[in-house]
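*Asks:* This is the structure I have questions about; it appears just below.
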Amino acid sequence: MANLKEIRVRRESVASTRQITSAMKMVAAAKLKKAQNAIVQLRPYAEKMQEILGSLSGSIRTDKGNLYAQDRDEENILLVLITSNRGLCGAFNSNAIKAAIQGALDTYSYQMMAGQVHFVAIGKKGNDFLKRNGYNVIYNVSDIFDDLTFERSTLIAEMIMKYYVDGDYDHVDIVYNQFRNAATQILTTEQFLPIRMDELANENEVPVNVDYIFEPTKDYILQEMIPRSLKMQFYKTILDSYASEHGARMTAMHKATDNATELLKDLALEYNKARQAAITNEIIEIVGGAEALNG
Amino acid sequence: MLLEIISPDKSLYSGEILSIRVPGSKGSFEILKNHAPIISTLEKGMINIREKNGNKTSIEVNGGVIEAKNNKIIVLAENAK
């Protein structure tokens, strides 16, 4: 049996670790709340935009050759990988990284071999991994999560959209953790560009019985709305990933705290047993000594 | 009329108004009560609002889109400050 001091030191260290994990859990919970608020804030905007796109669905169907919906041969691929800046959030980052690499190898094996799959890394963890393993990262940002605003996400979205329009890349996918609830993240690979016009029309199909005046024209509005909707989609993706990160961290830290509590209980039992054994030993020694004197 | 101006980050304005003047893509125009349903894109510029109590407010937007129907106006603004 381990000696008393060893167990005591171990107990202290587990207790202090437990304090850290439980504090981290609280912090993650607070940040999760903030991230969720931002998602809720975006919702009316997103819904209205869908509604307006819905009333334009007729134009969407007939719109051929939109700037953002060119079906080109997929030679140069851009993958956007959204991860977090910090670890201690379970399998959050490694799942996203694995999905990005696996997806690249499966779907774009030919382009991978030709070195035509490039990455944009949002979040430090993904960037570190990609750089370490020799993947071509053309752009990375990590400080966006410090102050997550629509403006900042839009700068990145615009850059990516420009790459596509200029023909630098023919296909853009985003790999990220979609937020379902605090305990569940859904790993998603989403096609960002080109836009699939049919899908856009079907998704937003709503019966419109209002006879709108369209200023200047339906087509013009559509051309204006599509980049807006792309930027919004990009912002939503980052928000989702951010909320997922804190959800994942909260769950991971919750489990760690539970484990520490369990461990402390076992250690307390062990400590008391050891203590009791020591006392018993001492009594035996005293009794033995007394008997020797009397004898 | 009920007006709501929303950006992806936050709600910029919400309230009862008498009229609103917006920088439409085809030129500036004003919406009064009982305007026909309209959807229009907006250019960078100022939105001028006359509130119910007669106060005037203006909000700068960096483009957007406006929808008005049944005396309910919604402006989706981008990057408005």
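Convention: chains lettered A, B, ... in structure tokens order; per-chain residue numbering from 1; ligands numbered from 1 as shown.
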Report as a ChimeraX atom specification: the residues of region 86-283 of chain A with a DSSP assignment of alpha helix (DSSP H), based on the backbone of this structure.
*Replies:* /A:92-107,109-113,124-132,150-166,197-203,218-283
*Asks:* Counting only C-alpha atoms, give me one row per residue of chain A with an atom at most 10 Å from an atom of chain B, showing the shortest contact pair and its distance in Å to one decimal, sorted by chain then residue number, as a Markdown table.
*Replies:*
```
| residue | atom | partner | partner_atom | distance |
| --- | --- | --- | --- | --- |
| A:Ala38 | CA | B:Asp9 | CA | 7.1 |
| A:Ile39 | CA | B:Asp9 | CA | 9.1 |
| A:Val40 | CA | B:Asp9 | CA | 9.8 |
| A:Gln41 | CA | B:Lys10 | CA | 6.1 |
| A:Leu42 | CA | B:Pro8 | CA | 5.0 |
| A:Arg43 | CA | B:Pro8 | CA | 8.2 |
| A:Pro44 | CA | B:Ile6 | CA | 8.0 |
| A:Tyr45 | CA | B:Pro8 | CA | 5.9 |
| A:Ala46 | CA | B:Pro8 | CA | 7.8 |
| A:Lys48 | CA | B:Leu76 | CA | 8.0 |
| A:Met49 | CA | B:Leu76 | CA | 7.8 |
| A:Ile52 | CA | B:Ile39 | CA | 8.0 |
| A:Ser55 | CA | B:Ile39 | CA | 9.5 |
| A:Leu148 | CA | B:Asp9 | CA | 9.6 |
| A:Thr149 | CA | B:Asp9 | CA | 6.8 |
| A:Phe150 | CA | B:Asp9 | CA | 6.1 |
| A:Glu151 | CA | B:Asn79 | CA | 6.5 |
| A:Thr154 | CA | B:Asn79 | CA | 9.4 |
| A:Val210 | CA | B:Pro37 | CA | 7.2 |
| A:Asp211 | CA | B:Pro37 | CA | 6.7 |
| A:Tyr212 | CA | B:Pro37 | CA | 4.8 |
| A:Ile213 | CA | B:Ile38 | CA | 4.5 |
| A:Phe214 | CA | B:Ile39 | CA | 5.1 |
| A:Glu215 | CA | B:Ser40 | CA | 4.5 |
| A:Pro216 | CA | B:Lys26 | CA | 5.8 |
| A:Thr217 | CA | B:Ser40 | CA | 8.3 |
| A:Lys218 | CA | B:Ile39 | CA | 8.9 |
| A:Tyr220 | CA | B:Thr41 | CA | 8.4 |
| A:Ile221 | CA | B:Thr41 | CA | 6.0 |
| A:Leu222 | CA | B:Thr41 | CA | 9.3 |
| A:Glu224 | CA | B:Thr41 | CA | 7.3 |
| A:Met225 | CA | B:Val65 | CA | 8.1 |
| A:Arg228 | CA | B:Glu78 | CA | 8.3 |
| A:Lys231 | CA | B:Pro8 | CA | 9.9 |
| A:Met232 | CA | B:Pro8 | CA | 7.3 |
| A:Tyr235 | CA | B:Pro8 | CA | 8.6 |
| A:Lys236 | CA | B:Pro8 | CA | 9.3 |
```
*Asks:* If we count only C-alpha atoms, what is near Gly103 (chain A) at a cut-off of 12 Å, once residues fewer than 4 positions away on the same chain are taken out, given as a list in words?
*Replies:*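 What passes the distance filter is Ile77, Leu79, Val80, Leu81, Asn95, Ala96, Ile97, Lys98, Ala99, Thr107, Tyr108, Ser109, Met112, Val117, Asp173, Ile174, Val175, Leu187, Thr188, Thr189 and Glu190 of chain A.
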*Asks:* Convert the current residue selection to file output with C-alpha atoms, as a compact mmCIF listing (two decimals), in the first residue's frame.
*Replies:*
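Resulting contents of again.txt:
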```txt
# COMPACT_ATOMS: atom_id res chain seq x y z
CA ILE A 77 -9.50 23.45 -55.10
CA LEU A 79 -10.55 24.09 -48.67
CA VAL A 80 -11.48 26.33 -45.76
CA LEU A 81 -10.81 24.62 -42.47
CA ASN A 95 -12.23 15.67 -36.10
CA ALA A 96 -12.36 18.72 -38.33
CA ILE A 97 -8.75 18.31 -39.43
CA LYS A 98 -9.25 14.63 -40.14
CA ALA A 99 -12.39 15.31 -42.15
CA THR A 107 -12.83 13.68 -53.36
CA TYR A 108 -9.87 15.45 -54.87
CA SER A 109 -7.25 12.72 -55.05
CA MET A 112 -4.07 16.48 -54.34
CA VAL A 117 -5.55 21.64 -53.29
CA ASP A 173 -15.45 23.82 -49.66
CA ILE A 174 -15.76 24.70 -46.00
CA VAL A 175 -15.08 22.09 -43.33
CA LEU A 187 -19.00 17.77 -38.62
CA THR A 188 -19.95 19.29 -41.96
CA THR A 189 -18.33 19.79 -45.32
CA GLU A 190 -20.21 22.43 -47.22
```
*Asks:* Can you list, as a list in words, every protein, DNA or RNA residue that comes within 6 Å of Leu18 (chain B) when you count only C-alpha atoms, leaving out same-chain residues fewer than 5 positions away?
*Replies:*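 Near Leu18 (chain B), the qualifying residues are Arg50, Glu51 and Lys52 of chain B.
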*Asks:* What is the CA of Ser244 (chain A)-CA of Leu263 (chain A) distance in Å, reported with one decimal?
*Replies:*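 About the pair CA of Ser244 (chain A) and CA of Leu263 (chain A): they are 28.4 Å apart.
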*Asks:* So how many Å separate CA of Asn140 (chain A) and CA of Ala28 (chain A), to one decimal?
*Replies:*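 Separation of CA of Asn140 (chain A) and CA of Ala28 (chain A): 24.1 Å.
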*Asks:* For Asn272 (chain A), work out the shell of residues within 12 Å, counting only C-alpha atoms and skipping chain neighbours fewer than 6 positions away, then give it as a list in words.
*Replies:* Met1, Ala2, Asn3, Leu4, Lys5, Ile7, Arg8, Lys265, Asp266, Ala278 and Ile279 of chain A
*Asks:* Within 9 Å of Phe179 (chain A), counting only C-alpha atoms, which residues qualify if same-chain residues fewer than 6 places away don't, as JSON, numbers by chain?
*Replies:* {"A": [185, 186, 187, 239, 240, 241, 242, 243, 244, 245, 247]}
*Asks:* Taking N, CA and C atoms for each residue, export the selection above as an mmCIF file, in the first residue's frame.
*Replies:*
```
data_model
loop_
_atom_site.group_PDB
_atom_site.id
_atom_site.type_symbol
_atom_site.label_atom_id
_atom_site.label_comp_id
_atom_site.auth_asym_id
_atom_site.auth_seq_id
_atom_site.Cartn_x
_atom_site.Cartn_y
_atom_site.Cartn_z
ATOM 1 N N GLN A 185 -21.995 18.423 -31.834
ATOM 2 C CA GLN A 185 -21.529 19.179 -32.989
ATOM 3 C C GLN A 185 -21.585 18.235 -34.181
ATOM 4 N N ILE A 186 -21.999 18.780 -35.298
ATOM 5 C CA ILE A 186 -22.077 17.946 -36.484
ATOM 6 C C ILE A 186 -20.993 18.388 -37.445
ATOM 7 N N LEU A 187 -20.089 17.475 -37.709
ATOM 8 C CA LEU A 187 -18.999 17.771 -38.616
ATOM 9 C C LEU A 187 -19.558 17.892 -40.035
ATOM 10 N N LEU A 239 -19.659 31.484 -36.927
ATOM 11 C CA LEU A 239 -20.374 31.543 -35.657
ATOM 12 C C LEU A 239 -20.685 30.139 -35.154
ATOM 13 N N ASP A 240 -21.116 29.295 -36.058
ATOM 14 C CA ASP A 240 -21.453 27.913 -35.711
ATOM 15 C C ASP A 240 -20.252 27.202 -35.121
ATOM 16 N N SER A 241 -19.127 27.350 -35.801
ATOM 17 C CA SER A 241 -17.914 26.690 -35.349
ATOM 18 C C SER A 241 -17.517 27.216 -33.971
ATOM 19 N N TYR A 242 -17.659 28.522 -33.796
ATOM 20 C CA TYR A 242 -17.278 29.144 -32.525
ATOM 21 C C TYR A 242 -18.149 28.615 -31.382
ATOM 22 N N ALA A 243 -19.443 28.545 -31.632
ATOM 23 C CA ALA A 243 -20.353 28.023 -30.612
ATOM 24 C C ALA A 243 -20.049 26.549 -30.350
ATOM 25 N N SER A 244 -19.779 25.799 -31.414
ATOM 26 C CA SER A 244 -19.464 24.375 -31.267
ATOM 27 C C SER A 244 -18.228 24.192 -30.399
ATOM 28 N N GLU A 245 -17.230 25.050 -30.643
ATOM 29 C CA GLU A 245 -15.983 24.942 -29.893
ATOM 30 C C GLU A 245 -16.256 25.032 -28.397
ATOM 31 N N GLY A 247 -19.092 24.653 -26.872
ATOM 32 C CA GLY A 247 -19.918 23.512 -26.453
ATOM 33 C C GLY A 247 -19.048 22.294 -26.202
#
```
*Asks:* Going by DSSP on the backbone, which residues of chain B come out as strand (DSSP E)? List them as an NGL selection string.
*Replies:* :B and (2-6 or 11-24 or 27-31 or 38-51 or 56-69 or 72-77)
*Asks:* Between A:Ala100, A:Leu193, A:Leu78, A:Leu56, single out the one closest to Phe129 (chain A), counting only C-alpha atoms.
*Replies:*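 Closest to Phe129 (chain A) of all the choices is A:Ala100.
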*Asks:* Which is closer to Gln111 (chain A) than all the others in A:Thr83, A:Tyr169, A:Asn127, A:Ser94, using only C-alpha atoms?
*Replies:* A:Tyr169
